[in-house]
$ cat start14.cif   # mmCIF, C-alpha atoms
data_data
loop_
_atom_site.label_atom_id
_atom_site.label_comp_id
_atom_site.auth_asym_id
_atom_site.auth_seq_id
_atom_site.Cartn_x
_atom_site.Cartn_y
_atom_site.Cartn_z
CA MET A 1 -160.94 58.10 83.41
CA SER A 2 -163.07 56.29 80.88
CA ALA A 3 -164.04 52.73 81.50
CA HIS A 4 -162.58 50.54 78.84
CA VAL A 5 -164.91 50.02 75.94
CA PRO A 6 -163.45 48.24 72.92
CA VAL A 7 -162.97 50.54 69.96
CA ILE A 8 -164.87 48.13 67.75
CA THR A 9 -167.87 48.41 70.05
CA LEU A 10 -167.86 52.20 69.84
CA HIS A 11 -167.89 52.08 66.05
CA ALA A 12 -170.69 49.53 66.00
CA PHE A 13 -172.65 51.73 68.41
CA VAL A 14 -172.26 54.74 66.14
CA ASP A 15 -173.44 52.65 63.21
CA GLY A 16 -176.48 51.44 65.13
CA GLU A 17 -175.28 47.88 64.86
CA LEU A 18 -175.09 46.84 68.51
CA PRO A 19 -177.79 44.57 69.92
CA PRO A 20 -180.40 46.66 71.77
CA ALA A 21 -179.37 45.53 75.25
CA GLU A 22 -175.70 46.24 74.65
CA ALA A 23 -176.50 49.59 73.04
CA ALA A 24 -178.61 50.54 76.07
CA ARG A 25 -175.78 49.63 78.46
CA LEU A 26 -173.30 51.70 76.49
CA ALA A 27 -175.73 54.64 76.29
CA ALA A 28 -176.03 54.58 80.07
CA GLN A 29 -172.27 54.48 80.39
CA LEU A 30 -171.93 57.48 78.06
CA ALA A 31 -174.26 59.48 80.26
CA ASP A 32 -171.84 59.04 83.16
CA ASP A 33 -168.60 59.36 81.24
CA PRO A 34 -168.03 62.69 79.45
CA VAL A 35 -164.71 61.61 77.98
CA LEU A 36 -166.23 58.53 76.42
CA ALA A 37 -169.21 60.61 75.25
CA GLN A 38 -166.82 63.02 73.49
CA ARG A 39 -165.16 60.15 71.68
CA VAL A 40 -168.49 58.84 70.51
CA ALA A 41 -169.64 62.32 69.47
CA HIS A 42 -166.49 62.67 67.40
CA LEU A 43 -167.19 59.37 65.67
CA TYR A 44 -170.72 60.53 64.90
CA ARG A 45 -169.33 63.69 63.29
CA LEU A 46 -166.92 61.69 61.17
CA LYS A 47 -169.71 59.45 60.02
CA ALA A 48 -171.95 62.42 59.24
CA ALA A 49 -169.18 64.07 57.23
CA LEU A 50 -168.87 61.02 55.02
CA ALA A 51 -172.60 60.41 54.85
CA GLY A 52 -173.02 63.87 53.34
CA PHE A 53 -170.52 63.08 50.63
CA SER A 54 -173.13 62.02 48.10
CA ASP A 55 -175.28 65.09 48.72
CA ASP A 56 -172.58 67.43 47.52
CA ILE A 57 -171.78 65.81 44.21
CA VAL A 58 -173.71 65.80 41.00
CA PRO A 59 -173.72 62.54 39.10
CA PRO A 60 -172.85 62.78 35.42
CA PRO A 61 -175.60 62.21 32.88
CA LEU A 62 -176.64 58.63 32.60
CA PRO A 63 -174.91 56.92 29.71
CA THR A 64 -176.56 57.38 26.35
CA ARG A 65 -174.95 54.58 24.42
CA SER A 66 -177.76 52.19 25.03
CA PRO A 67 -176.97 48.51 25.12
CA ALA A 68 -180.25 47.77 23.46
CA TRP A 69 -183.77 48.91 22.99
CA PHE A 70 -186.83 49.18 25.09
CA SER A 71 -188.82 46.02 24.97
CA SER A 72 -192.41 47.03 25.46
CA ALA A 73 -194.65 46.21 22.58
CA PRO A 74 -194.97 49.16 20.24
CA ARG A 75 -198.25 50.40 19.01
CA MET A 76 -198.43 49.81 15.32
CA LEU A 77 -197.82 52.86 13.24
CA GLY A 78 -201.13 52.46 11.50
CA LEU A 79 -202.78 55.23 13.48
CA GLY A 80 -204.70 57.36 11.04
CA GLY A 81 -203.37 60.71 12.14
CA LEU A 82 -199.83 59.46 12.42
CA ALA A 83 -199.89 57.96 8.95
CA ALA A 84 -201.32 61.16 7.58
CA ALA A 85 -198.64 63.24 9.24
CA VAL A 86 -195.85 61.04 8.00
CA MET A 87 -197.29 60.97 4.50
CA LEU A 88 -197.74 64.71 4.52
CA LEU A 89 -194.11 65.14 5.30
CA SER A 90 -193.40 62.85 2.35
CA TRP A 91 -189.81 62.38 3.37
CA PRO A 92 -188.21 59.27 1.94
CA THR A 93 -187.41 57.97 5.40
CA PRO A 94 -186.54 54.29 5.65
CA MET A 95 -188.25 53.22 8.86
CA SER A 96 -187.23 50.10 10.62
CA ARG A 97 -188.39 48.47 13.82
CA PRO A 98 -185.91 48.05 16.60
CA ALA A 99 -184.83 44.66 17.81
CA GLU A 100 -187.26 42.89 20.08
CA GLY A 101 -186.78 41.51 23.55
CA THR A 102 -183.98 43.72 24.77
CA ALA A 103 -183.54 46.45 27.37
CA ILE A 104 -184.49 50.05 27.96
CA PRO A 105 -182.42 52.74 26.21
CA SER A 106 -180.33 54.60 28.71
CA ALA A 107 -181.28 57.89 27.10
CA LEU A 108 -184.70 57.20 28.55
CA LEU A 109 -183.17 57.16 32.01
CA GLN A 110 -181.62 60.51 31.26
CA HIS A 111 -184.97 61.85 30.10
CA ASP A 112 -186.74 60.55 33.20
CA LEU A 113 -184.08 62.01 35.45
CA TRP A 114 -184.56 65.42 33.92
CA ALA A 115 -188.35 65.19 33.85
CA GLU A 116 -188.47 63.86 37.40
CA GLN A 117 -186.41 66.70 38.78
CA MET A 118 -188.28 69.23 36.63
CA MET A 119 -184.94 70.86 35.98
CA GLY A 120 -185.12 74.00 33.93
CA ASP A 121 -188.27 75.93 33.20
CA ALA A 122 -186.98 79.13 31.68
CA GLN A 123 -186.50 79.24 27.96
CA ILE A 124 -182.93 79.22 26.76
CA ALA A 125 -181.51 79.79 23.31
CA LEU A 126 -180.49 76.88 21.15
CA PRO A 127 -176.72 76.55 20.98
CA GLN A 128 -175.15 77.63 17.72
CA GLU A 129 -174.67 74.09 16.51
CA PHE A 130 -178.38 73.36 16.96
CA THR A 131 -179.95 76.51 15.53
CA TRP A 132 -181.00 74.50 12.50
CA MET A 133 -183.66 73.00 14.78
CA GLN A 134 -185.26 76.35 15.51
CA PRO A 135 -188.02 76.31 12.84
CA ALA A 136 -189.15 72.83 13.82
CA VAL A 137 -189.01 73.60 17.54
CA GLN A 138 -190.92 76.83 17.14
CA SER A 139 -193.56 75.39 14.85
CA SER A 140 -194.13 72.58 17.31
CA GLY A 141 -194.79 74.99 20.15
CA LEU A 142 -191.80 73.69 22.07
CA GLN A 143 -189.16 75.61 24.02
CA LEU A 144 -185.64 74.63 24.94
CA VAL A 145 -185.45 74.76 28.75
CA HIS A 146 -182.60 72.41 29.58
CA LEU A 147 -179.17 71.98 28.08
CA LEU A 148 -176.52 69.66 29.44
CA GLN A 149 -173.30 68.92 27.63
CA SER A 150 -170.94 66.26 28.86
CA GLY A 151 -168.15 65.04 26.65
CA ASP A 152 -169.59 63.94 23.36
CA VAL A 153 -173.13 63.92 24.64
CA THR A 154 -175.60 66.80 24.57
CA HIS A 155 -178.98 66.56 26.23
CA LEU A 156 -181.54 69.11 25.07
CA GLY A 157 -184.71 69.26 27.14
CA LEU A 158 -187.73 70.72 25.39
CA LYS A 159 -190.91 71.76 27.11
CA GLY A 160 -194.30 72.08 25.50
CA PRO A 161 -197.68 73.32 26.65
CA ASN A 162 -199.30 71.36 29.48
CA ARG A 163 -195.89 70.52 30.91
CA CYS A 164 -195.08 67.86 28.36
CA ARG A 165 -191.39 67.22 28.04
CA LEU A 166 -189.30 65.85 25.25
CA SER A 167 -185.59 65.04 25.25
CA LEU A 168 -183.17 65.08 22.37
CA VAL A 169 -179.92 63.32 23.22
CA VAL A 170 -177.20 63.89 20.65
CA THR A 171 -173.98 61.93 20.70
CA ASP A 172 -171.08 63.16 18.59
CA GLY A 173 -168.26 61.16 17.18
CA VAL A 174 -170.08 58.09 15.95
CA GLY A 175 -168.20 58.22 12.65
CA VAL A 176 -169.19 60.30 9.66
CA GLY A 177 -169.55 57.22 7.52
CA VAL A 178 -171.91 55.60 9.99
CA GLY A 179 -175.56 55.97 9.19
CA ALA A 180 -178.42 54.25 10.95
CA PRO A 181 -181.93 54.35 9.53
CA PHE A 182 -184.64 56.38 11.16
CA GLN A 183 -186.40 54.24 13.74
CA MET A 184 -189.49 55.15 15.67
CA ARG A 185 -191.34 53.38 18.42
CA LEU A 186 -194.59 54.48 19.99
CA SER A 187 -195.89 52.64 23.02
CA ASP A 188 -198.08 53.42 25.99
CA GLU A 189 -194.96 54.09 28.03
CA MET A 190 -192.99 56.29 25.71
CA GLN A 191 -192.35 57.69 22.28
CA HIS A 192 -188.89 57.11 20.93
CA ALA A 193 -187.09 57.88 17.69
CA ARG A 194 -183.47 57.35 16.76
CA TRP A 195 -181.23 57.87 13.78
CA THR A 196 -177.62 58.51 12.93
CA THR A 197 -176.36 60.95 10.37
CA GLY A 198 -173.35 63.19 9.76
CA GLY A 199 -171.31 61.59 12.55
CA ARG A 200 -174.04 62.16 15.11
CA ASP A 201 -176.45 59.86 16.86
CA TYR A 202 -179.87 61.37 17.65
CA GLU A 203 -182.35 60.03 20.18
CA LEU A 204 -185.67 61.70 20.71
CA ILE A 205 -187.71 60.64 23.72
CA ALA A 206 -191.00 61.66 25.29
CA ARG A 207 -193.44 60.06 27.68
CA ASP A 208 -196.72 61.80 27.17
CA MET A 209 -196.79 63.45 23.79
CA ALA A 210 -199.58 62.79 21.36
CA ASP A 211 -198.28 60.23 18.89
CA VAL A 212 -199.02 62.40 15.87
CA ARG A 213 -197.20 65.33 17.34
CA PHE A 214 -194.19 63.28 18.32
CA ALA A 215 -194.01 61.57 14.94
CA SER A 216 -194.32 64.88 13.10
CA PHE A 217 -191.59 66.49 15.15
CA ALA A 218 -189.28 63.49 14.96
CA THR A 219 -189.68 63.22 11.23
CA ALA A 220 -189.12 66.92 10.73
CA LEU A 221 -186.03 66.89 12.91
CA HIS A 222 -184.67 63.89 11.11
CA ARG A 223 -185.25 65.58 7.77
CA GLU A 224 -183.50 68.74 8.83
CA SER A 225 -180.55 66.87 10.31
CA VAL A 226 -180.03 65.06 7.04
CA ASP A 227 -180.69 67.90 4.62
CA ARG A 228 -180.79 71.39 6.03
CA SER A 229 -181.44 72.96 2.67
CA ALA A 230 -184.75 71.16 2.16
CA ASP A 231 -187.92 73.14 1.69
CA LYS A 232 -189.38 73.63 5.15
CA ALA A 233 -192.79 75.07 4.36
CA LEU A 234 -194.58 71.77 4.10
CA TYR A 235 -193.33 70.18 7.25
CA LEU A 236 -193.67 73.36 9.26
CA ALA A 237 -197.31 73.47 8.28
CA ALA A 238 -197.65 69.86 9.33
CA LEU A 239 -196.02 70.56 12.67
CA GLU A 240 -198.34 73.43 13.38
CA ALA A 241 -201.31 71.27 12.46
CA ALA A 242 -200.11 68.57 14.81
CA ARG A 243 -199.87 70.75 17.93
CA LEU A 244 -202.01 68.45 19.97
CA PRO A 245 -201.97 68.63 23.75
CA CYS A 246 -199.95 66.15 25.73
CA ARG A 247 -201.76 63.14 27.10
CA ALA A 248 -200.70 63.97 30.64
CA MET B 1 -184.48 44.12 31.31
CA LEU B 2 -185.58 46.91 33.65
CA ASP B 3 -189.21 47.57 34.33
CA ALA B 4 -190.69 50.56 36.08
CA THR B 5 -190.22 48.99 39.52
CA GLN B 6 -186.49 48.59 39.08
CA HIS B 7 -186.03 51.81 37.21
CA GLY B 8 -186.99 53.79 40.32
CA PRO B 9 -184.30 52.46 42.67
CA LEU B 10 -181.63 53.11 40.07
CA LEU B 11 -182.67 56.74 39.81
CA ARG B 12 -183.09 57.13 43.55
CA ASP B 13 -179.67 55.67 44.31
CA ARG B 14 -177.76 57.45 41.57
CA ARG B 15 -176.16 59.99 43.91
CA ARG B 16 -174.96 57.39 46.35
CA LEU B 17 -173.86 55.22 43.49
CA PHE B 18 -171.80 58.04 42.08
CA GLY B 19 -170.57 58.83 45.60
CA TYR B 20 -169.35 55.27 45.87
CA ALA B 21 -167.65 55.61 42.49
CA CYS B 22 -165.90 58.77 43.69
CA ALA B 23 -164.85 57.03 46.89
CA LEU B 24 -163.33 54.13 45.02
CA SER B 25 -161.72 56.01 42.16
CA ALA B 26 -158.54 58.02 42.16
CA ASP B 27 -160.01 60.81 40.04
CA MET B 28 -163.30 62.21 38.80
CA SER B 29 -162.83 60.88 35.31
CA GLY B 30 -162.36 57.37 36.62
CA ALA B 31 -165.42 57.80 38.86
CA GLU B 32 -167.58 58.88 35.94
CA ASP B 33 -166.45 55.91 33.86
CA LEU B 34 -167.11 53.54 36.72
CA TYR B 35 -170.55 55.04 37.33
CA GLN B 36 -171.57 54.93 33.69
CA ASP B 37 -170.29 51.40 33.17
CA THR B 38 -172.21 50.28 36.24
CA VAL B 39 -175.45 51.82 35.02
CA LEU B 40 -174.99 50.27 31.60
CA ARG B 41 -174.29 46.89 33.16
CA ALA B 42 -177.38 47.18 35.36
CA VAL B 43 -179.60 48.30 32.52
CA ALA B 44 -178.42 45.46 30.32
CA ALA B 45 -178.97 42.77 32.97
CA LYS B 46 -181.50 40.17 31.96
CA SER B 47 -182.73 39.58 35.49
CA VAL B 48 -182.48 41.77 38.55
CA PRO B 49 -183.42 41.24 42.21
CA GLN B 50 -187.04 42.07 42.95
CA ASP B 51 -186.50 43.00 46.57
CA GLN B 52 -185.43 46.62 46.94
CA THR B 53 -182.64 45.95 49.44
CA ALA B 54 -181.34 43.09 47.36
CA TYR B 55 -181.49 45.34 44.32
CA ARG B 56 -179.30 47.94 46.05
CA VAL B 57 -176.77 45.35 47.10
CA TRP B 58 -176.78 43.95 43.58
CA LEU B 59 -176.34 47.39 42.00
CA PHE B 60 -173.47 48.49 44.23
CA ARG B 61 -171.83 45.12 43.95
CA ILE B 62 -171.74 45.53 40.17
CA MET B 63 -169.76 48.71 40.71
CA ARG B 64 -167.42 47.14 43.21
CA ASN B 65 -166.76 44.17 40.95
CA LEU B 66 -166.01 46.47 38.03
CA TRP B 67 -163.60 48.41 40.25
CA ILE B 68 -161.88 45.23 41.37
CA ASP B 69 -161.65 44.00 37.78
CA ARG B 70 -159.94 47.23 36.78
CA LEU B 71 -157.51 47.10 39.67
CA ARG B 72 -156.72 43.50 38.87
CA ALA B 73 -156.13 44.35 35.22
CA GLU B 74 -153.72 47.07 36.33
CA GLY B 75 -152.03 44.78 38.85
CA ARG B 76 -153.09 47.05 41.71
CA LEU B 77 -155.55 44.84 43.54
CA PRO B 78 -155.23 45.53 47.27
CA ASP B 79 -154.89 42.82 49.90
CA PHE B 80 -157.65 42.93 52.46
CA ASP B 81 -155.76 42.39 55.68
CA ASP B 82 -158.08 41.47 58.53
CA SER B 83 -155.33 40.34 60.88
CA THR B 84 -154.63 43.56 62.80
CA ASP B 85 -155.54 43.52 66.47
CA ILE B 86 -158.28 46.11 66.69
CA ASP B 87 -157.90 46.78 70.39
CA GLY B 88 -154.27 47.58 69.70
CA LEU B 89 -155.34 50.53 67.60
CA SER B 90 -155.18 54.04 68.91
CA GLY B 91 -158.36 55.20 70.55
CA THR B 92 -157.75 58.92 70.21
CA GLU B 93 -160.54 60.73 68.47
CA GLY B 94 -159.21 64.26 68.43
CA SER B 95 -159.87 67.26 70.56
CA ALA B 96 -163.33 67.68 71.99
CA ASP B 97 -163.81 71.33 71.08
CA GLN B 98 -162.79 70.76 67.52
CA MET B 99 -165.45 70.75 64.86
CA VAL B 100 -165.17 68.01 62.33
CA ASN B 101 -164.68 69.76 59.06
CA ALA B 102 -166.49 67.78 56.39
CA LEU B 103 -164.08 68.85 53.70
CA ALA B 104 -161.13 67.81 55.82
CA VAL B 105 -162.70 64.45 56.49
CA ARG B 106 -163.22 63.88 52.79
CA LEU B 107 -159.68 64.91 51.98
CA ALA B 108 -158.41 62.54 54.61
CA PHE B 109 -160.71 59.86 53.29
CA GLN B 110 -159.07 60.11 49.89
CA LYS B 111 -155.71 59.42 51.50
CA LEU B 112 -156.84 56.12 52.98
CA SER B 113 -155.92 52.79 51.49
CA LYS B 114 -158.26 51.27 48.93
CA GLN B 115 -159.61 48.68 51.36
CA HIS B 116 -160.35 51.28 54.02
CA ARG B 117 -162.09 53.54 51.52
CA ASP B 118 -164.07 50.61 50.23
CA VAL B 119 -165.63 49.56 53.51
CA LEU B 120 -166.20 53.10 54.79
CA ALA B 121 -167.86 54.06 51.54
CA VAL B 122 -170.16 51.05 51.66
CA VAL B 123 -171.34 51.79 55.20
CA ASP B 124 -171.05 55.56 55.60
CA ILE B 125 -171.53 56.88 52.07
CA CYS B 126 -173.82 54.25 50.61
CA GLY B 127 -175.67 53.66 53.88
CA PHE B 128 -175.58 49.87 53.97
CA SER B 129 -176.02 47.99 57.24
CA TYR B 130 -173.26 45.62 58.34
CA THR B 131 -175.35 42.68 57.18
CA GLU B 132 -175.91 44.19 53.75
CA ALA B 133 -172.27 45.23 53.51
CA ALA B 134 -171.24 41.70 54.41
CA GLU B 135 -173.42 40.34 51.64
CA MET B 136 -172.04 42.83 49.18
CA LEU B 137 -168.40 42.27 50.08
CA GLU B 138 -168.98 38.53 50.57
CA VAL B 139 -167.47 38.39 54.05
CA PRO B 140 -168.99 37.64 57.48
CA PRO B 141 -170.68 40.57 59.31
CA GLY B 142 -168.01 40.37 62.01
CA THR B 143 -165.38 41.13 59.39
CA ILE B 144 -167.27 44.24 58.35
CA MET B 145 -167.36 45.30 61.98
CA SER B 146 -163.61 44.97 62.36
CA ARG B 147 -162.85 46.52 58.97
CA ILE B 148 -165.03 49.52 59.77
CA SER B 149 -163.25 49.96 63.06
CA ARG B 150 -159.82 49.83 61.44
CA ALA B 151 -160.83 52.11 58.60
CA ARG B 152 -162.29 54.77 60.89
CA GLN B 153 -159.26 54.64 63.15
CA ALA B 154 -157.09 55.12 60.07
CA LEU B 155 -159.24 58.09 59.09
CA ILE B 156 -158.84 59.59 62.55
CA SER B 157 -155.08 59.10 62.41
CA CYS B 158 -154.97 60.73 59.02
CA LEU B 159 -156.92 63.72 60.29
CA ASN B 160 -154.77 64.06 63.40
CA GLU B 161 -151.63 64.03 61.30
CA ASP B 162 -152.74 66.95 59.18
CA ASP B 163 -153.33 70.05 61.28
CA ARG B 164 -153.87 72.20 58.22
CA VAL B 165 -157.16 70.66 57.25
CA ILE B 166 -158.85 69.83 60.53
CA ALA B 167 -158.28 72.92 62.60
CA LEU B 168 -161.70 74.47 62.43
CA PRO B 169 -162.59 75.31 66.02
CA LEU B 170 -166.08 74.55 67.22
CA CYS B 171 -165.97 77.62 69.50
CA LYS B 172 -163.95 80.78 69.29
CA PRO B 173 -160.55 80.21 70.87
CA ARG B 174 -160.44 81.31 74.44
CA ARG B 175 -158.07 84.05 75.39
CA GLY B 176 -154.75 82.79 76.50
CA ARG B 177 -154.88 79.66 74.40
CA ARG B 178 -152.19 79.42 71.80
CA ASP B 179 -154.29 77.73 69.21
CA GLY B 180 -157.87 76.92 68.51
CA ARG B 181 -157.76 73.22 69.16
#
$ encode --input "start14.cif" --output "structure tokens"
Amino acid sequence: MSAHVPVITLHAFVDGELPPAEAARLAAQLADDPVLAQRVAHLYRLKAALAGFSDDIVPPPLPTRSPAWFSSAPRMLGLGGLAAAVMLLSWPTPMSRPAEGTAIPSALLQHDLWAEQMMGDAQIALPQEFTWMQPAVQSSGLQLVHLLQSGDVTHLGLKGPNRCRLSLVVTDGVGVGVGAPFQMRLSDEMQHARWTTGGRDYELIARDMADVRFASFATALHRESVDRSADKALYLAALEAARLPCRA
Amino acid sequence: MLDATQHGPLLRDRRRLFGYACALSADMSGAEDLYQDTVLRAVAAKSVPQDQTAYRVWLFRIMRNLWIDRLRAEGRLPDFDDSTDIDGLSGTEGSADQMVNALAVRLAFQKLSKQHRDVLAVVDICGFSYTEAAEMLEVPPGTIMSRISRARQALISCLNEDDRVIALPLCKPRRGRRDGR
């Protein structure tokens, strides 16, 4: 028959929460008491079953409706190559600077999560609703390798040469009448562009792309999302000219 | 505002954070909402704990507070009853040659009361120590100890009551035995 050990003590033992001396006494007791040892073993199994709970579930994408913007100081857009690329595209894009002093966009977390896990390496076809992006993607030397749709949010992961990665996070249902100007931010930590058109919110994020290349691609994508009938020849040429290697 | 140092723990803990959301919520949709709201709240915070352990407690506490707020709004806030005599609880832990089926344990877990799920999730799913759990739940460590004991005993009772989900034998049944337990 087992010596009486309070139930609460057994649970604390299983959780590693007993003081060392008391844990040692109980361990010695377990060695001499198979019935008590079975009870403790069963508690360990219960604990292990719950501890594995998180390993078997996949968290949903991190939220993309960012509360605010990333706060790091942007590099000014006066970079020669960048200015040239934007001018070449000659798209009447109203650019505005995001609000200062606020937080990181959550789409960036989503991008980092994908890039960190290196999910998806094989090329996949653009979904039907995004085939309009194909010329810009192809001319930029990018490939779609990751696609995750959850509710109104679609995360497209694009891979370029030298393992550079770029995310486009598209959120549907923002209201057809809602239009936000094209915003772009280039800093040492990331490249980020955002705009809203046709009831969709677009966020483009990269960490290590050459600024010119990112700006060219973002501008081209913005242009296409707003007017898919526009003449593509000019910006496709610009994109091909801007195929610079990633900084990483 | 999150910097790179705090960004890491959020990403590292996302599975456990979502696991906690699943443990607290009645359904997957509710868990996803709770998870996403928690991340948004954390990302939007103007100041966050610098210490990694404190950051974890802070992050999971955000989720728990959101959960409690929702329950309160729905008028379903549970009472946390710490008055039961723990030594009066059953000490049966099931048959020795019975393998604990993880799926069965999780099904049984979902049948527990909110307060039992809460404390078990904090310690077993999220991996907090009693001291950290006490800080998170704002109770003394001794209360965590007794709540854990009650919750696990309730889990055991729940498993023992449902033969359909637990009866995975550890060994092949011996001849002559009428069942595998």
$ resolve_selection --input "start14.cif" --expression "the PyMOL selection byres ((chain B and resi 108) around 9)" --output "number ranges by chain"
B: 103-107, 109-112, 155-156, 158-159, 162, 165
$ closest_residue --input "start14.cif" --among "B:Ala54, B:Ile68, B:Cys22, B:Val139" --to "chain A" --atoms "all atoms listed in the file"
B:Cys22
$ resolve_selection --input "start14.cif" --expression "the PyMOL selection byres ((chain B and resi 134) around 12)" --output "PyMOL selection string"
chain B and resi 57+61+119+122-123+128-133+135-148
$ closest_residue --input "start14.cif" --among "A:Arg45, A:Asp188, A:Pro20, A:Asp33" --to "chain B" --atoms "all atoms listed in the file"
A:Arg45
$ atom_distance --input "start14.cif" --atom1 "atom CA of Leu17 of chain B" --atom2 "atom CA of Gly52 of chain A"
13.1 Å
$ closest_residue --input "start14.cif" --among "B:Gly19, B:Pro9, B:Gly75, B:Gly30" --to "chain A" --atoms "only C-alpha atoms"
B:Gly19
$ closest_residue --input "start14.cif" --among "A:Ala21, A:Leu26, A:His4, A:Lys47" --to "chain B" --atoms "only C-alpha atoms"
A:Lys47
$ resolve_selection --input "start14.cif" --expression "the PyMOL selection byres ((chain A and resi 192-202) around 7)" --output "PDB file with C-alpha atoms, in the coordinates of the input"
ATOM      1  CA  LEU A 168    -183.170  65.080  22.370  1.00  0.00           C
ATOM      2  CA  VAL A 169    -179.920  63.320  23.220  1.00  0.00           C
ATOM      3  CA  VAL A 170    -177.200  63.890  20.650  1.00  0.00           C
ATOM      4  CA  THR A 171    -173.980  61.930  20.700  1.00  0.00           C
ATOM      5  CA  ASP A 172    -171.080  63.160  18.590  1.00  0.00           C
ATOM      6  CA  GLY A 173    -168.260  61.160  17.180  1.00  0.00           C
ATOM      7  CA  VAL A 174    -170.080  58.090  15.950  1.00  0.00           C
ATOM      8  CA  GLY A 175    -168.200  58.220  12.650  1.00  0.00           C
ATOM      9  CA  VAL A 176    -169.190  60.300   9.660  1.00  0.00           C
ATOM     10  CA  GLY A 177    -169.550  57.220   7.520  1.00  0.00           C
ATOM     11  CA  VAL A 178    -171.910  55.600   9.990  1.00  0.00           C
ATOM     12  CA  GLY A 179    -175.560  55.970   9.190  1.00  0.00           C
ATOM     13  CA  ALA A 180    -178.420  54.250  10.950  1.00  0.00           C
ATOM     14  CA  PRO A 181    -181.930  54.350   9.530  1.00  0.00           C
ATOM     15  CA  PHE A 182    -184.640  56.380  11.160  1.00  0.00           C
ATOM     16  CA  GLN A 183    -186.400  54.240  13.740  1.00  0.00           C
ATOM     17  CA  MET A 184    -189.490  55.150  15.670  1.00  0.00           C
ATOM     18  CA  ARG A 185    -191.340  53.380  18.420  1.00  0.00           C
ATOM     19  CA  LEU A 186    -194.590  54.480  19.990  1.00  0.00           C
ATOM     20  CA  MET A 190    -192.990  56.290  25.710  1.00  0.00           C
ATOM     21  CA  GLN A 191    -192.350  57.690  22.280  1.00  0.00           C
ATOM     22  CA  GLU A 203    -182.350  60.030  20.180  1.00  0.00           C
ATOM     23  CA  LEU A 204    -185.670  61.700  20.710  1.00  0.00           C
ATOM     24  CA  ILE A 205    -187.710  60.640  23.720  1.00  0.00           C
ATOM     25  CA  ALA A 206    -191.000  61.660  25.290  1.00  0.00           C
ATOM     26  CA  ALA A 218    -189.280  63.490  14.960  1.00  0.00           C
ATOM     27  CA  VAL A 226    -180.030  65.060   7.040  1.00  0.00           C
TER      28      VAL A 226
END
$ closest_residue --input "start14.cif" --among "B:Ala44, B:Ala154, B:Ala26, B:Leu71" --to "chain A" --atoms "all atoms listed in the file"
B:Ala44
$ closest_residue --input "start14.cif" --among "B:Ser25, B:Asn160, B:Thr53, B:Gln36" --to "chain A" --atoms "all atoms listed in the file"
B:Gln36
$ atom_distance --input "start14.cif" --atom1 "atom CA of Ser140 of chain A" --atom2 "atom CA of Asp152 of chain A"
26.7 Å
$ residues_around --input "start14.cif" --residues "Leu221 of chain A" --least-positions-apart "3" --cutoff "8 Å" --atoms "all atoms listed in the file" --output "number ranges by chain"
A: 133, 136, 217-218, 224-225
$ write_last_selection --input "start14.cif" --atoms "C-alpha atoms" --output "PDB file, in the coordinates of the input"
ATOM      1  CA  MET A 133    -183.660  73.000  14.780  1.00  0.00           C
ATOM      2  CA  ALA A 136    -189.150  72.830  13.820  1.00  0.00           C
ATOM      3  CA  PHE A 217    -191.590  66.490  15.150  1.00  0.00           C
ATOM      4  CA  ALA A 218    -189.280  63.490  14.960  1.00  0.00           C
ATOM      5  CA  GLU A 224    -183.500  68.740   8.830  1.00  0.00           C
ATOM      6  CA  SER A 225    -180.550  66.870  10.310  1.00  0.00           C
TER       7      SER A 225
END
$ residues_around --input "start14.cif" --residues "Lys159 of chain A" --least-positions-apart "6" --cutoff "7 Å" --atoms "all atoms listed in the file" --output "VMD selection string"
chain A and resid 142 to 145 165 to 166
$ write_last_selection --input "start14.cif" --atoms "C-alpha atoms" --output "short mmCIF file (atom, residue, chain, number, x, y, z; two decimals), keeping the file's coordinate frame"
data_model
loop_
_atom_site.label_atom_id
_atom_site.label_comp_id
_atom_site.auth_asym_id
_atom_site.auth_seq_id
_atom_site.Cartn_x
_atom_site.Cartn_y
_atom_site.Cartn_z
CA LEU A 142 -191.80 73.69 22.07
CA GLN A 143 -189.16 75.61 24.02
CA LEU A 144 -185.64 74.63 24.94
CA VAL A 145 -185.45 74.76 28.75
CA ARG A 165 -191.39 67.22 28.04
CA LEU A 166 -189.30 65.85 25.25
#
$ residues_around --input "start14.cif" --residues "Ala37 of chain A" --least-positions-apart "2" --cutoff "12 Å" --atoms "all atoms listed in the file" --output "compact mmCIF listing (two decimals) with C-alpha atoms, in the frame of the given file"
# COMPACT_ATOMS: atom_id res chain seq x y z
CA MET A 1 -160.94 58.10 83.41
CA SER A 2 -163.07 56.29 80.88
CA ALA A 3 -164.04 52.73 81.50
CA VAL A 5 -164.91 50.02 75.94
CA LEU A 10 -167.86 52.20 69.84
CA PHE A 13 -172.65 51.73 68.41
CA VAL A 14 -172.26 54.74 66.14
CA LEU A 26 -173.30 51.70 76.49
CA ALA A 27 -175.73 54.64 76.29
CA ALA A 28 -176.03 54.58 80.07
CA GLN A 29 -172.27 54.48 80.39
CA LEU A 30 -171.93 57.48 78.06
CA ALA A 31 -174.26 59.48 80.26
CA ASP A 32 -171.84 59.04 83.16
CA ASP A 33 -168.60 59.36 81.24
CA PRO A 34 -168.03 62.69 79.45
CA VAL A 35 -164.71 61.61 77.98
CA ARG A 39 -165.16 60.15 71.68
CA VAL A 40 -168.49 58.84 70.51
CA ALA A 41 -169.64 62.32 69.47
CA HIS A 42 -166.49 62.67 67.40
CA LEU A 43 -167.19 59.37 65.67
CA TYR A 44 -170.72 60.53 64.90
CA GLU B 93 -160.54 60.73 68.47
CA ALA B 96 -163.33 67.68 71.99
